[in-house]
Amino acid sequence: MNLAELNKVALAMTAPGKGILAADESTGTIKKRFDAINVECTEDNRRDYREMLFRAAEGMRHISGVILYDETIWQKAKDGTPLVEIIKKAGSIPGIKVDEGTKPLPNCPGELITAGLDKLPDRLPKYYEQGARFAKWRAVIDIGAGIPSYAAISTNAHALARYAALCQAAQIVPIVEPEVLMDGDHDIDRCYEVTEFVLKETFQQLYYQKVALEGMVLKPNMAISGKKSAKKASVEEVAEKTVKMLKACVPGAVPGIAFLSGGQSDEEATAHLDAMNKIGNLPWSLTFSYGRALQHAPQKAWSGKSENVAAAQRVFAHRAAMNGLASRGQWKQDLEKKAA
Ligand code: 13P
């Protein structure tokens, strides 16, 4: 393992002013997104949609890396150029989602474990050869009555660390993503308490399994109220509590943290990131690795029609630029109104 090189990639992924585009929806998930805009979920449509994003030069200026799904990393654009080459030409680093989704966790009703470790040592060198310099593995922790259990937290943290160690051995930077879902009716303090526990367990496992923190990127959720919570925390409270939580859990050796959006509205995801960076004096860089909060608007603008491509690319460029500013703590809400 060349740790200096892994560190260089991790720093580039989380460089100020830029963040990561999570375009790694599984076929089932992208079908849901396409259903919402009445687009048929064919291989060609998935390719056309993603090609449109990767060719959006203005937007890609703010994108340090793109997380791809297995199908996409092997795909070619309409003119025969590999999509990976288009991403590289845009100055961005190709990455790959390597987990194989979730399965029910035995003895833990309602809880999940992420699958995909078994074949990982064989798959990683192939992805490296194809141009991937980082990978992603998502663990899912739900908050509800009597959950999460310690069994779910510890088995998922163990799998995350196993994945991270395998990635580093293959000279690939692991994005370590333990996502505490915001689906429930819990308040921000419950989210804080669960996420703190999950992060502490995750870093413990990373340590036991000798993962080099300098060569990884953390992708956490924010401390935020559940979607069905009766009491919605303000932007300032989310920022303050998330920074406090991360400072208590994430060693300064980690080069960067890139948040998931997790169901926040586009503008909320930007405002939260911005407010955290306005606090300043942080031991790591804080940026975005958004899926929905970057793609929701361009998906709607595109709606599967080639005549909408330029407009959709402009919408994507706007969201990417706003999040780029937020990664420096330089976003202002009136920039949104001006664009509208
Ligand atoms: P969202 O930003 O839509 O939560 O997706 C990010 C991601 O990659 C989740 O694994």
# chains A, B, ... in the order shown; residues from 1 in each chain; ligands from 1
call {"tool": "residues_near_ligand", "arguments": {"ligand": "ligand 1", "cutoff": "6 Å", "atoms": "only C-alpha atoms and all ligand atoms", "output": "PyMOL selection string"}}
result
chain A and resi 22+138+260-263+290-293
call {"tool": "select_by_dssp", "arguments": {"residues": "range 15-115 of chain A", "states": "strand (DSSP E or B)", "output": "MDAnalysis selection string"}}
result
chainID A and resid 19:23 63:68 76 82 93:97 102:104 112:114
call {"tool": "write_last_selection", "arguments": {"atoms": "N, CA, C and O atoms", "output": "mmCIF file, in the first residue's frame"}}
result
data_model
loop_
_atom_site.group_PDB
_atom_site.id
_atom_site.type_symbol
_atom_site.label_atom_id
_atom_site.label_comp_id
_atom_site.auth_asym_id
_atom_site.auth_seq_id
_atom_site.Cartn_x
_atom_site.Cartn_y
_atom_site.Cartn_z
ATOM 1 N N GLY A 19 -16.724 18.920 -4.171
ATOM 2 C CA GLY A 19 -17.280 17.794 -3.433
ATOM 3 C C GLY A 19 -17.584 16.662 -4.389
ATOM 4 O O GLY A 19 -17.282 16.748 -5.591
ATOM 5 N N ILE A 20 -18.209 15.625 -3.847
ATOM 6 C CA ILE A 20 -18.389 14.391 -4.610
ATOM 7 C C ILE A 20 -19.829 14.270 -5.106
ATOM 8 O O ILE A 20 -20.776 14.593 -4.386
ATOM 9 N N LEU A 21 -19.970 13.832 -6.352
ATOM 10 C CA LEU A 21 -21.280 13.516 -6.917
ATOM 11 C C LEU A 21 -21.528 12.026 -6.732
ATOM 12 O O LEU A 21 -20.788 11.200 -7.270
ATOM 13 N N ALA A 22 -22.542 11.677 -5.945
ATOM 14 C CA ALA A 22 -22.911 10.271 -5.767
ATOM 15 C C ALA A 22 -23.915 9.908 -6.856
ATOM 16 O O ALA A 22 -25.101 10.222 -6.763
ATOM 17 N N ALA A 23 -23.399 9.294 -7.929
ATOM 18 C CA ALA A 23 -24.249 8.889 -9.065
ATOM 19 C C ALA A 23 -24.262 7.366 -9.138
ATOM 20 O O ALA A 23 -24.253 6.785 -10.215
ATOM 21 N N ILE A 63 -16.951 19.395 -8.876
ATOM 22 C CA ILE A 63 -17.057 17.973 -8.513
ATOM 23 C C ILE A 63 -15.655 17.339 -8.508
ATOM 24 O O ILE A 63 -15.014 17.203 -9.549
ATOM 25 N N SER A 64 -15.210 16.948 -7.324
ATOM 26 C CA SER A 64 -13.864 16.369 -7.184
ATOM 27 C C SER A 64 -13.836 14.899 -7.591
ATOM 28 O O SER A 64 -12.825 14.390 -8.049
ATOM 29 N N GLY A 65 -14.959 14.211 -7.393
ATOM 30 C CA GLY A 65 -15.018 12.783 -7.694
ATOM 31 C C GLY A 65 -16.446 12.355 -7.951
ATOM 32 O O GLY A 65 -17.387 13.015 -7.495
ATOM 33 N N VAL A 66 -16.603 11.289 -8.708
ATOM 34 C CA VAL A 66 -17.942 10.780 -9.019
ATOM 35 C C VAL A 66 -18.012 9.319 -8.581
ATOM 36 O O VAL A 66 -17.161 8.519 -8.970
ATOM 37 N N ILE A 67 -19.009 8.978 -7.770
ATOM 38 C CA ILE A 67 -19.195 7.575 -7.391
ATOM 39 C C ILE A 67 -20.089 6.924 -8.433
ATOM 40 O O ILE A 67 -21.197 7.404 -8.711
ATOM 41 N N LEU A 68 -19.591 5.837 -9.014
ATOM 42 C CA LEU A 68 -20.310 5.148 -10.082
ATOM 43 C C LEU A 68 -20.871 3.825 -9.586
ATOM 44 O O LEU A 68 -20.340 3.219 -8.647
ATOM 45 N N LYS A 76 -19.929 3.027 -22.139
ATOM 46 C CA LYS A 76 -19.376 4.025 -23.071
ATOM 47 C C LYS A 76 -20.461 5.041 -23.407
ATOM 48 O O LYS A 76 -21.646 4.707 -23.468
ATOM 49 N N PRO A 82 -15.402 6.023 -23.269
ATOM 50 C CA PRO A 82 -15.778 5.478 -21.952
ATOM 51 C C PRO A 82 -16.204 6.603 -21.009
ATOM 52 O O PRO A 82 -15.565 7.666 -20.967
ATOM 53 N N ILE A 93 -12.288 12.624 -10.263
ATOM 54 C CA ILE A 93 -11.754 11.277 -10.025
ATOM 55 C C ILE A 93 -12.900 10.260 -10.059
ATOM 56 O O ILE A 93 -13.889 10.420 -9.349
ATOM 57 N N PRO A 94 -12.770 9.201 -10.844
ATOM 58 C CA PRO A 94 -13.811 8.161 -10.840
ATOM 59 C C PRO A 94 -13.718 7.285 -9.589
ATOM 60 O O PRO A 94 -12.623 6.947 -9.139
ATOM 61 N N GLY A 95 -14.886 6.950 -9.042
ATOM 62 C CA GLY A 95 -14.954 6.055 -7.881
ATOM 63 C C GLY A 95 -16.051 5.030 -8.111
ATOM 64 O O GLY A 95 -16.841 5.159 -9.050
ATOM 65 N N ILE A 96 -16.125 4.034 -7.237
ATOM 66 C CA ILE A 96 -17.057 2.930 -7.478
ATOM 67 C C ILE A 96 -17.744 2.480 -6.191
ATOM 68 O O ILE A 96 -17.085 2.297 -5.170
ATOM 69 N N LYS A 97 -19.055 2.309 -6.250
ATOM 70 C CA LYS A 97 -19.781 1.708 -5.122
ATOM 71 C C LYS A 97 -19.530 0.207 -5.176
ATOM 72 O O LYS A 97 -19.790 -0.433 -6.202
ATOM 73 N N THR A 102 -28.167 -4.196 1.031
ATOM 74 C CA THR A 102 -28.370 -4.691 2.393
ATOM 75 C C THR A 102 -29.218 -5.956 2.424
ATOM 76 O O THR A 102 -29.995 -6.217 1.512
ATOM 77 N N LYS A 103 -29.027 -6.710 3.514
ATOM 78 C CA LYS A 103 -29.817 -7.934 3.757
ATOM 79 C C LYS A 103 -30.297 -7.869 5.207
ATOM 80 O O LYS A 103 -29.648 -7.222 6.045
ATOM 81 N N PRO A 104 -31.413 -8.558 5.516
ATOM 82 C CA PRO A 104 -31.853 -8.568 6.923
ATOM 83 C C PRO A 104 -30.765 -9.163 7.822
ATOM 84 O O PRO A 104 -30.090 -10.117 7.428
ATOM 85 N N LEU A 112 -30.486 -4.185 9.349
ATOM 86 C CA LEU A 112 -29.849 -4.628 8.097
ATOM 87 C C LEU A 112 -28.336 -4.739 8.235
ATOM 88 O O LEU A 112 -27.724 -4.024 9.037
ATOM 89 N N ILE A 113 -27.778 -5.629 7.412
ATOM 90 C CA ILE A 113 -26.318 -5.709 7.302
ATOM 91 C C ILE A 113 -25.971 -5.558 5.829
ATOM 92 O O ILE A 113 -26.688 -6.067 4.964
ATOM 93 N N THR A 114 -24.892 -4.842 5.550
ATOM 94 C CA THR A 114 -24.482 -4.630 4.158
ATOM 95 C C THR A 114 -23.685 -5.832 3.668
ATOM 96 O O THR A 114 -22.792 -6.318 4.365
#
call {"tool": "residues_around", "arguments": {"residues": "Ala165 in chain A", "least_positions_apart": "3", "cutoff": "10 Å", "atoms": "only C-alpha atoms", "output": "PyMOL selection string"}}
result
chain A and resi 159-162+168-174+206+209-212+216
call {"tool": "select_by_dssp", "arguments": {"residues": "range 242-325 of chain A", "states": "alpha helix (DSSP H)", "output": "PDB file with N, CA and C atoms, in the first residue's frame"}}
result
ATOM      1  N   THR A 242     -23.682  18.925  14.732  1.00  0.00           N
ATOM      2  CA  THR A 242     -22.918  18.017  13.861  1.00  0.00           C
ATOM      3  C   THR A 242     -21.419  18.227  14.053  1.00  0.00           C
ATOM      4  N   VAL A 243     -20.993  19.484  14.112  1.00  0.00           N
ATOM      5  CA  VAL A 243     -19.556  19.758  14.298  1.00  0.00           C
ATOM      6  C   VAL A 243     -19.092  19.249  15.660  1.00  0.00           C
ATOM      7  N   LYS A 244     -19.899  19.462  16.680  1.00  0.00           N
ATOM      8  CA  LYS A 244     -19.539  18.998  18.036  1.00  0.00           C
ATOM      9  C   LYS A 244     -19.396  17.468  18.035  1.00  0.00           C
ATOM     10  N   MET A 245     -20.359  16.792  17.414  1.00  0.00           N
ATOM     11  CA  MET A 245     -20.356  15.322  17.348  1.00  0.00           C
ATOM     12  C   MET A 245     -19.141  14.805  16.586  1.00  0.00           C
ATOM     13  N   LEU A 246     -18.852  15.414  15.442  1.00  0.00           N
ATOM     14  CA  LEU A 246     -17.728  14.930  14.636  1.00  0.00           C
ATOM     15  C   LEU A 246     -16.401  15.162  15.367  1.00  0.00           C
ATOM     16  N   LYS A 247     -16.297  16.314  16.042  1.00  0.00           N
ATOM     17  CA  LYS A 247     -15.060  16.593  16.785  1.00  0.00           C
ATOM     18  C   LYS A 247     -14.827  15.554  17.880  1.00  0.00           C
ATOM     19  N   ALA A 248     -15.907  15.048  18.437  1.00  0.00           N
ATOM     20  CA  ALA A 248     -15.790  14.066  19.525  1.00  0.00           C
ATOM     21  C   ALA A 248     -15.475  12.663  18.999  1.00  0.00           C
ATOM     22  N   CYS A 249     -15.647  12.438  17.711  1.00  0.00           N
ATOM     23  CA  CYS A 249     -15.555  11.062  17.174  1.00  0.00           C
ATOM     24  C   CYS A 249     -14.521  10.846  16.092  1.00  0.00           C
ATOM     25  N   ASP A 266     -32.792  20.026  -1.253  1.00  0.00           N
ATOM     26  CA  ASP A 266     -31.552  20.476  -1.900  1.00  0.00           C
ATOM     27  C   ASP A 266     -30.947  21.655  -1.142  1.00  0.00           C
ATOM     28  N   GLU A 267     -31.800  22.627  -0.846  1.00  0.00           N
ATOM     29  CA  GLU A 267     -31.278  23.855  -0.240  1.00  0.00           C
ATOM     30  C   GLU A 267     -30.870  23.649   1.216  1.00  0.00           C
ATOM     31  N   GLU A 268     -31.614  22.796   1.922  1.00  0.00           N
ATOM     32  CA  GLU A 268     -31.229  22.492   3.318  1.00  0.00           C
ATOM     33  C   GLU A 268     -29.847  21.854   3.372  1.00  0.00           C
ATOM     34  N   ALA A 269     -29.609  20.908   2.458  1.00  0.00           N
ATOM     35  CA  ALA A 269     -28.315  20.210   2.452  1.00  0.00           C
ATOM     36  C   ALA A 269     -27.182  21.214   2.243  1.00  0.00           C
ATOM     37  N   THR A 270     -27.421  22.199   1.392  1.00  0.00           N
ATOM     38  CA  THR A 270     -26.415  23.235   1.140  1.00  0.00           C
ATOM     39  C   THR A 270     -26.262  24.148   2.358  1.00  0.00           C
ATOM     40  N   ALA A 271     -27.389  24.583   2.908  1.00  0.00           N
ATOM     41  CA  ALA A 271     -27.359  25.514   4.044  1.00  0.00           C
ATOM     42  C   ALA A 271     -26.660  24.891   5.255  1.00  0.00           C
ATOM     43  N   HIS A 272     -26.921  23.616   5.507  1.00  0.00           N
ATOM     44  CA  HIS A 272     -26.292  22.941   6.651  1.00  0.00           C
ATOM     45  C   HIS A 272     -24.776  22.867   6.483  1.00  0.00           C
ATOM     46  N   LEU A 273     -24.339  22.460   5.288  1.00  0.00           N
ATOM     47  CA  LEU A 273     -22.893  22.352   5.037  1.00  0.00           C
ATOM     48  C   LEU A 273     -22.229  23.721   5.177  1.00  0.00           C
ATOM     49  N   ASP A 274     -22.892  24.725   4.635  1.00  0.00           N
ATOM     50  CA  ASP A 274     -22.358  26.086   4.693  1.00  0.00           C
ATOM     51  C   ASP A 274     -22.217  26.568   6.143  1.00  0.00           C
ATOM     52  N   ALA A 275     -23.257  26.324   6.932  1.00  0.00           N
ATOM     53  CA  ALA A 275     -23.241  26.799   8.328  1.00  0.00           C
ATOM     54  C   ALA A 275     -22.112  26.117   9.111  1.00  0.00           C
ATOM     55  N   MET A 276     -21.843  24.859   8.817  1.00  0.00           N
ATOM     56  CA  MET A 276     -20.739  24.166   9.501  1.00  0.00           C
ATOM     57  C   MET A 276     -19.398  24.779   9.125  1.00  0.00           C
ATOM     58  N   ASN A 277     -19.230  25.053   7.838  1.00  0.00           N
ATOM     59  CA  ASN A 277     -17.947  25.626   7.407  1.00  0.00           C
ATOM     60  C   ASN A 277     -17.792  27.070   7.872  1.00  0.00           C
ATOM     61  N   LYS A 278     -18.911  27.756   8.135  1.00  0.00           N
ATOM     62  CA  LYS A 278     -18.818  29.117   8.677  1.00  0.00           C
ATOM     63  C   LYS A 278     -18.302  29.073  10.122  1.00  0.00           C
ATOM     64  N   ILE A 279     -18.548  27.969  10.833  1.00  0.00           N
ATOM     65  CA  ILE A 279     -18.024  27.835  12.209  1.00  0.00           C
ATOM     66  C   ILE A 279     -16.491  27.845  12.148  1.00  0.00           C
ATOM     67  N   ARG A 292     -29.118  12.607  -3.967  1.00  0.00           N
ATOM     68  CA  ARG A 292     -30.395  13.277  -4.237  1.00  0.00           C
ATOM     69  C   ARG A 292     -30.276  14.799  -4.266  1.00  0.00           C
ATOM     70  N   ALA A 293     -29.568  15.395  -3.305  1.00  0.00           N
ATOM     71  CA  ALA A 293     -29.528  16.861  -3.201  1.00  0.00           C
ATOM     72  C   ALA A 293     -28.778  17.516  -4.366  1.00  0.00           C
ATOM     73  N   LEU A 294     -28.058  16.714  -5.166  1.00  0.00           N
ATOM     74  CA  LEU A 294     -27.410  17.264  -6.368  1.00  0.00           C
ATOM     75  C   LEU A 294     -28.183  16.915  -7.631  1.00  0.00           C
ATOM     76  N   GLN A 295     -28.940  15.815  -7.575  1.00  0.00           N
ATOM     77  CA  GLN A 295     -29.533  15.312  -8.816  1.00  0.00           C
ATOM     78  C   GLN A 295     -31.031  15.546  -8.958  1.00  0.00           C
ATOM     79  N   HIS A 296     -31.682  15.833  -7.845  1.00  0.00           N
ATOM     80  CA  HIS A 296     -33.135  15.982  -7.880  1.00  0.00           C
ATOM     81  C   HIS A 296     -33.549  17.042  -8.908  1.00  0.00           C
ATOM     82  N   ALA A 297     -32.923  18.217  -8.833  1.00  0.00           N
ATOM     83  CA  ALA A 297     -33.302  19.326  -9.728  1.00  0.00           C
ATOM     84  C   ALA A 297     -32.967  19.020 -11.197  1.00  0.00           C
ATOM     85  N   PRO A 298     -31.748  18.584 -11.511  1.00  0.00           N
ATOM     86  CA  PRO A 298     -31.473  18.264 -12.925  1.00  0.00           C
ATOM     87  C   PRO A 298     -32.324  17.116 -13.472  1.00  0.00           C
ATOM     88  N   GLN A 299     -32.672  16.156 -12.618  1.00  0.00           N
ATOM     89  CA  GLN A 299     -33.532  15.060 -13.097  1.00  0.00           C
ATOM     90  C   GLN A 299     -34.871  15.616 -13.568  1.00  0.00           C
ATOM     91  N   LYS A 300     -35.419  16.505 -12.744  1.00  0.00           N
ATOM     92  CA  LYS A 300     -36.721  17.089 -13.081  1.00  0.00           C
ATOM     93  C   LYS A 300     -36.621  17.915 -14.366  1.00  0.00           C
ATOM     94  N   ALA A 301     -35.550  18.704 -14.461  1.00  0.00           N
ATOM     95  CA  ALA A 301     -35.377  19.568 -15.637  1.00  0.00           C
ATOM     96  C   ALA A 301     -35.178  18.731 -16.907  1.00  0.00           C
ATOM     97  N   TRP A 302     -34.523  17.604 -16.784  1.00  0.00           N
ATOM     98  CA  TRP A 302     -34.251  16.730 -17.944  1.00  0.00           C
ATOM     99  C   TRP A 302     -35.508  15.982 -18.393  1.00  0.00           C
ATOM    100  N   VAL A 309     -31.552  18.831 -22.305  1.00  0.00           N
ATOM    101  CA  VAL A 309     -30.211  18.541 -21.773  1.00  0.00           C
ATOM    102  C   VAL A 309     -29.482  19.803 -21.308  1.00  0.00           C
ATOM    103  N   ALA A 310     -29.460  20.833 -22.138  1.00  0.00           N
ATOM    104  CA  ALA A 310     -28.711  22.042 -21.773  1.00  0.00           C
ATOM    105  C   ALA A 310     -29.290  22.679 -20.509  1.00  0.00           C
ATOM    106  N   ALA A 311     -30.620  22.726 -20.415  1.00  0.00           N
ATOM    107  CA  ALA A 311     -31.256  23.316 -19.225  1.00  0.00           C
ATOM    108  C   ALA A 311     -30.942  22.479 -17.986  1.00  0.00           C
ATOM    109  N   ALA A 312     -30.998  21.162 -18.122  1.00  0.00           N
ATOM    110  CA  ALA A 312     -30.709  20.283 -16.980  1.00  0.00           C
ATOM    111  C   ALA A 312     -29.255  20.448 -16.535  1.00  0.00           C
ATOM    112  N   GLN A 313     -28.360  20.606 -17.502  1.00  0.00           N
ATOM    113  CA  GLN A 313     -26.940  20.800 -17.153  1.00  0.00           C
ATOM    114  C   GLN A 313     -26.735  22.131 -16.414  1.00  0.00           C
ATOM    115  N   ARG A 314     -27.513  23.135 -16.783  1.00  0.00           N
ATOM    116  CA  ARG A 314     -27.412  24.428 -16.075  1.00  0.00           C
ATOM    117  C   ARG A 314     -27.904  24.291 -14.635  1.00  0.00           C
ATOM    118  N   VAL A 315     -28.997  23.560 -14.461  1.00  0.00           N
ATOM    119  CA  VAL A 315     -29.558  23.345 -13.120  1.00  0.00           C
ATOM    120  C   VAL A 315     -28.558  22.573 -12.250  1.00  0.00           C
ATOM    121  N   PHE A 316     -27.935  21.569 -12.841  1.00  0.00           N
ATOM    122  CA  PHE A 316     -26.914  20.795 -12.133  1.00  0.00           C
ATOM    123  C   PHE A 316     -25.723  21.699 -11.763  1.00  0.00           C
ATOM    124  N   ALA A 317     -25.305  22.539 -12.707  1.00  0.00           N
ATOM    125  CA  ALA A 317     -24.168  23.436 -12.446  1.00  0.00           C
ATOM    126  C   ALA A 317     -24.482  24.381 -11.285  1.00  0.00           C
ATOM    127  N   HIS A 318     -25.718  24.846 -11.223  1.00  0.00           N
ATOM    128  CA  HIS A 318     -26.112  25.741 -10.136  1.00  0.00           C
ATOM    129  C   HIS A 318     -25.994  25.031  -8.785  1.00  0.00           C
ATOM    130  N   ARG A 319     -26.589  23.828  -8.690  1.00  0.00           N
ATOM    131  CA  ARG A 319     -26.543  23.090  -7.406  1.00  0.00           C
ATOM    132  C   ARG A 319     -25.098  22.786  -6.999  1.00  0.00           C
ATOM    133  N   ALA A 320     -24.293  22.357  -8.008  1.00  0.00           N
ATOM    134  CA  ALA A 320     -22.893  22.020  -7.717  1.00  0.00           C
ATOM    135  C   ALA A 320     -22.144  23.271  -7.247  1.00  0.00           C
ATOM    136  N   ALA A 321     -22.418  24.411  -7.893  1.00  0.00           N
ATOM    137  CA  ALA A 321     -21.741  25.654  -7.507  1.00  0.00           C
ATOM    138  C   ALA A 321     -22.149  26.081  -6.096  1.00  0.00           C
ATOM    139  N   MET A 322     -23.444  25.958  -5.782  1.00  0.00           N
ATOM    140  CA  MET A 322     -23.924  26.344  -4.446  1.00  0.00           C
ATOM    141  C   MET A 322     -23.257  25.479  -3.369  1.00  0.00           C
ATOM    142  N   ASN A 323     -23.154  24.181  -3.635  1.00  0.00           N
ATOM    143  CA  ASN A 323     -22.515  23.299  -2.660  1.00  0.00           C
ATOM    144  C   ASN A 323     -21.007  23.540  -2.597  1.00  0.00           C
ATOM    145  N   GLY A 324     -20.423  23.914  -3.738  1.00  0.00           N
ATOM    146  CA  GLY A 324     -18.999  24.279  -3.748  1.00  0.00           C
ATOM    147  C   GLY A 324     -18.754  25.468  -2.828  1.00  0.00           C
ATOM    148  N   LEU A 325     -19.630  26.461  -2.917  1.00  0.00           N
ATOM    149  CA  LEU A 325     -19.513  27.632  -2.025  1.00  0.00           C
ATOM    150  C   LEU A 325     -19.706  27.209  -0.565  1.00  0.00           C
TER     151      LEU A 325
END
call {"tool": "closest_residue", "arguments": {"among": "A:His62, A:Arg123, A:Lys136, A:Lys8", "to": "Asp24 in chain A", "atoms": "only C-alpha atoms"}}
result
A:Lys136
call {"tool": "atom_distance", "arguments": {"atom1": "CA of Glu196 in chain A", "atom2": "CA of Glu177 in chain A"}}
result
13.6 Å
call {"tool": "closest_atom_pairs", "arguments": {"of": "range 189-225 of chain A", "to": "range 144-158 of chain A", "cutoff": "7 Å", "atoms": "only C-alpha atoms", "output": "CSV"}}
result
residue,atom,partner,partner_atom,distance
A:Val198,CA,A:Ile153,CA,6.1
A:Glu201,CA,A:Ala157,CA,6.3
A:Thr202,CA,A:Ala157,CA,4.6
A:Gln205,CA,A:His158,CA,5.7
call {"tool": "residues_around", "arguments": {"residues": "Tyr127 in chain A", "least_positions_apart": "3", "cutoff": "9 Å", "atoms": "only C-alpha atoms", "output": "list of chain:residue names"}}
result
A:Asp70, A:Ile73, A:Gly95, A:Ile96, A:Arg123, A:Leu124, A:Gln130, A:Gly131, A:Ala132, A:Arg133
call {"tool": "residues_around", "arguments": {"residues": "Ala253 in chain A", "least_positions_apart": "3", "cutoff": "12 Å", "atoms": "only C-alpha atoms", "output": "list in words"}}
result
Asn7, Ala10, Leu11, Phe203, Val211, Ala212, Leu213, Glu214, Gly215, Met216, Val217, Leu218, Lys247, Cys249, Val250, Gly256, Ile257, Leu282, Pro283, Trp284 and Ser285 of chain A
call {"tool": "write_last_selection", "arguments": {"atoms": "N, CA, C and O atoms", "output": "short mmCIF file (atom, residue, chain, number, x, y, z; two decimals), in the first residue's frame"}}
result
data_model
loop_
_atom_site.label_atom_id
_atom_site.label_comp_id
_atom_site.auth_asym_id
_atom_site.auth_seq_id
_atom_site.Cartn_x
_atom_site.Cartn_y
_atom_site.Cartn_z
N ASN A 7 -3.41 9.20 0.48
CA ASN A 7 -3.65 10.47 1.16
C ASN A 7 -3.87 11.60 0.13
O ASN A 7 -4.76 12.45 0.30
N ALA A 10 -7.34 11.20 -1.23
CA ALA A 10 -8.36 11.58 -0.23
C ALA A 10 -8.43 13.10 -0.09
O ALA A 10 -9.53 13.67 0.04
N LEU A 11 -7.27 13.76 -0.13
CA LEU A 11 -7.26 15.23 -0.05
C LEU A 11 -7.89 15.85 -1.28
O LEU A 11 -8.65 16.83 -1.18
N PHE A 203 -14.83 3.82 14.19
CA PHE A 203 -13.40 4.14 14.30
C PHE A 203 -12.64 3.13 15.15
O PHE A 203 -11.46 2.88 14.90
N VAL A 211 -6.66 0.10 9.57
CA VAL A 211 -6.93 0.99 8.44
C VAL A 211 -6.21 2.31 8.68
O VAL A 211 -6.27 2.87 9.78
N ALA A 212 -5.49 2.80 7.66
CA ALA A 212 -4.76 4.07 7.79
C ALA A 212 -5.74 5.22 7.59
O ALA A 212 -6.28 5.41 6.49
N LEU A 213 -5.97 5.97 8.65
CA LEU A 213 -6.98 7.03 8.60
C LEU A 213 -6.63 8.11 7.57
O LEU A 213 -7.51 8.74 6.99
N GLU A 214 -5.34 8.31 7.33
CA GLU A 214 -4.89 9.33 6.36
C GLU A 214 -5.31 8.97 4.94
O GLU A 214 -5.30 9.83 4.06
N GLY A 215 -5.67 7.73 4.72
CA GLY A 215 -6.02 7.27 3.37
C GLY A 215 -7.47 6.89 3.24
O GLY A 215 -7.81 5.96 2.51
N MET A 216 -8.35 7.57 3.95
CA MET A 216 -9.79 7.30 3.83
C MET A 216 -10.59 8.60 3.87
O MET A 216 -10.06 9.66 4.22
N VAL A 217 -11.85 8.51 3.51
CA VAL A 217 -12.78 9.64 3.62
C VAL A 217 -14.00 9.12 4.37
O VAL A 217 -14.49 8.02 4.10
N LEU A 218 -14.48 9.89 5.34
CA LEU A 218 -15.70 9.52 6.08
C LEU A 218 -16.92 10.16 5.41
O LEU A 218 -16.88 11.35 5.05
N LYS A 247 -16.30 16.31 16.04
CA LYS A 247 -15.06 16.59 16.79
C LYS A 247 -14.83 15.55 17.88
O LYS A 247 -13.70 15.21 18.20
N CYS A 249 -15.65 12.44 17.71
CA CYS A 249 -15.56 11.06 17.17
C CYS A 249 -14.52 10.85 16.09
O CYS A 249 -14.06 9.72 15.91
N VAL A 250 -14.20 11.88 15.31
CA VAL A 250 -13.39 11.66 14.10
C VAL A 250 -11.98 12.21 14.31
O VAL A 250 -11.80 13.43 14.43
N GLY A 256 -10.62 14.19 5.22
CA GLY A 256 -11.84 14.91 4.87
C GLY A 256 -13.09 14.12 5.17
O GLY A 256 -13.09 12.89 5.24
N ILE A 257 -14.17 14.88 5.36
CA ILE A 257 -15.48 14.31 5.64
C ILE A 257 -16.42 14.83 4.55
O ILE A 257 -16.45 16.04 4.28
N LEU A 282 -11.74 23.78 11.76
CA LEU A 282 -12.03 22.34 11.85
C LEU A 282 -10.76 21.54 11.53
O LEU A 282 -9.94 21.97 10.72
N PRO A 283 -10.61 20.37 12.14
CA PRO A 283 -9.40 19.57 11.90
C PRO A 283 -9.39 18.84 10.55
O PRO A 283 -8.36 18.32 10.14
N TRP A 284 -10.54 18.77 9.88
CA TRP A 284 -10.63 18.09 8.58
C TRP A 284 -11.44 18.99 7.66
O TRP A 284 -12.14 19.88 8.12
N SER A 285 -11.35 18.75 6.34
CA SER A 285 -12.22 19.53 5.47
C SER A 285 -13.61 18.88 5.50
O SER A 285 -13.76 17.67 5.69
#
call {"tool": "atom_distance", "arguments": {"atom1": "CA of Ser92 in chain A", "atom2": "CA of Ile30 in chain A"}}
result
22.1 Å
call {"tool": "closest_residue", "arguments": {"among": "A:Lys89, A:Ser303, A:Lys119, A:Leu199", "to": "Arg33 in chain A", "atoms": "only C-alpha atoms"}}
result
A:Ser303
